[in-house]
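Contents: one structure, followed by commentary.
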Amino acid sequence: MKTIFFVAIIAAISTIPMSFADNGVEQIKADEQIFDVSYSLDGKLVAMQVDKESTSLLIGTTNVQESIFEISFPSELLAAEEAQFVVLVDGLETDYTVAYTENNPTITLSIPEATEEIEIIGTSVVPEFPLGVL
């Protein structure tokens, strides 16, 4: 009887996640447009925004565990010629993989524990003016 009880407790404990993953969709407003950006992070997302001057997407995080970070966004929000993004983790360039689904990039990279900022730099960001105006 004690063995069954012990096994049941171990099974219950093993179903509790050892980390607190944050998965979701963040809506980013840029040039009066709203873009859905989905992400997966073993930590907590603090903020996400576009920086037009540096043509980048800035992601603020906290309570991050060493893990894999994945982010998907519309190519209209941020694009890079020949899929050559530059990805910085706490200011240091890092390796990543990129895959496209319907012309929208998904970037995957490893992040170390206590990561506070991820920056994805492209070659173009949401255009300020529609092409018809030009």
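Every chain in the structure tokens has a letter given in the order shown (A, B, ...), and although residue numbers restart at 1 in each chain, ligands are simply numbered from 1 in the order shown.
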Problem set entry | Exercise: region 58-62 of chain A partners within 9 Å, only C-alpha atoms, chain neighbours under 5 positions left out, as a VMD selection string | chain A and resid 41 43 to 51 114 to 121
Could you please take those selected residues and save N, CA and C atoms as a PDB file, in the first residue's frame?
ATOM      1  N   LEU A  41       8.937  31.112 -24.750  1.00  0.00           N
ATOM      2  CA  LEU A  41      10.046  31.569 -23.920  1.00  0.00           C
ATOM      3  C   LEU A  41       9.986  30.874 -22.572  1.00  0.00           C
ATOM      4  N   GLY A  43      10.604  31.727 -19.532  1.00  0.00           N
ATOM      5  CA  GLY A  43      10.781  32.906 -18.699  1.00  0.00           C
ATOM      6  C   GLY A  43       9.545  33.755 -18.841  1.00  0.00           C
ATOM      7  N   LYS A  44       9.689  35.033 -18.636  1.00  0.00           N
ATOM      8  CA  LYS A  44       8.555  35.949 -18.701  1.00  0.00           C
ATOM      9  C   LYS A  44       8.835  37.070 -19.691  1.00  0.00           C
ATOM     10  N   LEU A  45       7.902  37.304 -20.607  1.00  0.00           N
ATOM     11  CA  LEU A  45       8.002  38.421 -21.537  1.00  0.00           C
ATOM     12  C   LEU A  45       7.605  39.695 -20.798  1.00  0.00           C
ATOM     13  N   VAL A  46       8.459  40.722 -20.871  1.00  0.00           N
ATOM     14  CA  VAL A  46       8.178  42.002 -20.223  1.00  0.00           C
ATOM     15  C   VAL A  46       7.608  42.984 -21.234  1.00  0.00           C
ATOM     16  N   ALA A  47       8.239  43.061 -22.414  1.00  0.00           N
ATOM     17  CA  ALA A  47       7.793  44.002 -23.438  1.00  0.00           C
ATOM     18  C   ALA A  47       8.310  43.569 -24.795  1.00  0.00           C
ATOM     19  N   MET A  48       7.611  44.055 -25.837  1.00  0.00           N
ATOM     20  CA  MET A  48       8.040  43.793 -27.199  1.00  0.00           C
ATOM     21  C   MET A  48       7.646  45.012 -28.027  1.00  0.00           C
ATOM     22  N   GLN A  49       8.591  45.530 -28.796  1.00  0.00           N
ATOM     23  CA  GLN A  49       8.289  46.692 -29.636  1.00  0.00           C
ATOM     24  C   GLN A  49       9.219  46.769 -30.829  1.00  0.00           C
ATOM     25  N   VAL A  50       8.796  47.548 -31.818  1.00  0.00           N
ATOM     26  CA  VAL A  50       9.591  47.774 -33.012  1.00  0.00           C
ATOM     27  C   VAL A  50      10.377  49.063 -32.840  1.00  0.00           C
ATOM     28  N   ASP A  51      11.658  49.033 -33.241  1.00  0.00           N
ATOM     29  CA  ASP A  51      12.494  50.230 -33.271  1.00  0.00           C
ATOM     30  C   ASP A  51      12.776  50.521 -34.740  1.00  0.00           C
ATOM     31  N   ALA A 114      18.994  34.119 -17.344  1.00  0.00           N
ATOM     32  CA  ALA A 114      18.985  35.534 -16.963  1.00  0.00           C
ATOM     33  C   ALA A 114      19.037  36.493 -18.149  1.00  0.00           C
ATOM     34  N   THR A 115      18.711  36.029 -19.362  1.00  0.00           N
ATOM     35  CA  THR A 115      18.646  36.918 -20.526  1.00  0.00           C
ATOM     36  C   THR A 115      17.620  38.017 -20.262  1.00  0.00           C
ATOM     37  N   GLU A 116      18.004  39.260 -20.574  1.00  0.00           N
ATOM     38  CA  GLU A 116      17.098  40.389 -20.349  1.00  0.00           C
ATOM     39  C   GLU A 116      16.620  41.045 -21.635  1.00  0.00           C
ATOM     40  N   GLU A 117      17.416  40.950 -22.708  1.00  0.00           N
ATOM     41  CA  GLU A 117      16.999  41.589 -23.949  1.00  0.00           C
ATOM     42  C   GLU A 117      17.423  40.775 -25.159  1.00  0.00           C
ATOM     43  N   ILE A 118      16.485  40.636 -26.074  1.00  0.00           N
ATOM     44  CA  ILE A 118      16.749  39.993 -27.353  1.00  0.00           C
ATOM     45  C   ILE A 118      16.402  41.027 -28.421  1.00  0.00           C
ATOM     46  N   GLU A 119      17.299  41.218 -29.375  1.00  0.00           N
ATOM     47  CA  GLU A 119      17.048  42.162 -30.453  1.00  0.00           C
ATOM     48  C   GLU A 119      17.229  41.443 -31.777  1.00  0.00           C
ATOM     49  N   ILE A 120      16.223  41.544 -32.624  1.00  0.00           N
ATOM     50  CA  ILE A 120      16.273  40.949 -33.952  1.00  0.00           C
ATOM     51  C   ILE A 120      16.321  42.101 -34.944  1.00  0.00           C
ATOM     52  N   ILE A 121      17.427  42.195 -35.676  1.00  0.00           N
ATOM     53  CA  ILE A 121      17.644  43.306 -36.593  1.00  0.00           C
ATOM     54  C   ILE A 121      17.456  42.803 -38.017  1.00  0.00           C
TER      55      ILE A 121
END
Hey, what's within 12 Å of Glu82 (chain A) if we count only C-alpha atoms and toss same-chain stuff fewer than 4 positions away? As a short mmCIF file (atom, residue, chain, number, x, y, z; two decimals) with all heavy atoms, in the first residue's frame, please?
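Writing the result to selection_29.cif gives the following:
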data_model
loop_
_atom_site.label_atom_id
_atom_site.label_comp_id
_atom_site.auth_asym_id
_atom_site.auth_seq_id
_atom_site.Cartn_x
_atom_site.Cartn_y
_atom_site.Cartn_z
N VAL A 86 20.16 39.82 -37.99
CA VAL A 86 21.20 39.83 -36.97
C VAL A 86 20.45 39.70 -35.65
O VAL A 86 19.50 40.45 -35.40
CB VAL A 86 22.02 41.14 -36.98
CG1 VAL A 86 22.99 41.18 -35.82
CG2 VAL A 86 22.76 41.27 -38.31
N VAL A 98 16.35 30.17 -39.05
CA VAL A 98 15.13 30.83 -39.53
C VAL A 98 14.44 29.90 -40.51
O VAL A 98 15.09 29.26 -41.34
CB VAL A 98 15.42 32.22 -40.14
CG1 VAL A 98 16.29 32.12 -41.37
CG2 VAL A 98 14.14 32.98 -40.46
N ALA A 99 13.14 29.82 -40.36
CA ALA A 99 12.30 29.04 -41.28
C ALA A 99 11.14 29.94 -41.67
O ALA A 99 10.77 30.84 -40.92
CB ALA A 99 11.79 27.78 -40.60
N TYR A 100 10.61 29.72 -42.86
CA TYR A 100 9.51 30.56 -43.33
C TYR A 100 8.25 29.73 -43.51
O TYR A 100 8.29 28.63 -44.04
CB TYR A 100 9.89 31.22 -44.65
CG TYR A 100 10.80 32.41 -44.46
CD1 TYR A 100 12.17 32.24 -44.37
CD2 TYR A 100 10.27 33.69 -44.35
CE1 TYR A 100 13.01 33.33 -44.18
CE2 TYR A 100 11.10 34.79 -44.16
CZ TYR A 100 12.47 34.60 -44.08
OH TYR A 100 13.28 35.67 -43.88
N ASN A 103 5.82 32.96 -46.13
CA ASN A 103 6.65 34.15 -46.23
C ASN A 103 6.87 34.87 -44.89
O ASN A 103 7.39 35.97 -44.85
CB ASN A 103 6.09 35.13 -47.28
CG ASN A 103 7.14 36.08 -47.78
OD1 ASN A 103 8.33 35.74 -47.84
ND2 ASN A 103 6.74 37.29 -48.14
N PRO A 105 8.73 34.79 -41.20
CA PRO A 105 9.85 34.10 -40.55
C PRO A 105 9.52 33.60 -39.14
O PRO A 105 8.76 34.23 -38.40
CB PRO A 105 10.94 35.19 -40.49
CG PRO A 105 10.20 36.47 -40.52
CD PRO A 105 8.95 36.23 -41.30
N GLY A 122 16.63 43.53 -38.77
CA GLY A 122 16.39 43.20 -40.16
C GLY A 122 16.92 44.30 -41.06
O GLY A 122 17.62 45.21 -40.60
N THR A 123 16.57 44.23 -42.32
CA THR A 123 16.97 45.28 -43.25
C THR A 123 15.83 46.23 -43.54
O THR A 123 16.03 47.30 -44.09
CB THR A 123 17.50 44.68 -44.56
OG1 THR A 123 16.51 43.79 -45.08
CG2 THR A 123 18.80 43.95 -44.34
N SER A 124 14.60 45.83 -43.18
CA SER A 124 13.46 46.74 -43.33
C SER A 124 12.44 46.44 -42.24
O SER A 124 12.29 45.31 -41.80
CB SER A 124 12.83 46.61 -44.71
OG SER A 124 12.26 45.33 -44.87
#
For this session: Give me the residues within 10 Å of Pro74 (chain A) as number ranges by chain, counting only C-alpha atoms and dropping any in the same chain fewer than 6 places off.
Result: A: 35-38, 100-106, 126
Problem set entry | Test item, strand (DSSP E or B) assignment across region 47-134 of chain A, answer as JSON, numbers by chain | {"A": [47, 48, 49, 50, 51, 56, 57, 58, 59, 60, 61, 62, 67, 68, 69, 70, 71, 72, 78, 79, 86, 87, 88, 89, 92, 93, 97, 98, 99, 100, 101, 104, 105, 106, 107, 108, 109, 110, 111, 117, 118, 119, 120, 121, 124, 125]}
For this session: Measure the distance from CA of Gly24 (chain A) to CA of Ala79 (chain A) in Å and round it to one decimal.
Result: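 Taking CA of Gly24 (chain A) and CA of Ala79 (chain A), their separation equals 21.2 Å.
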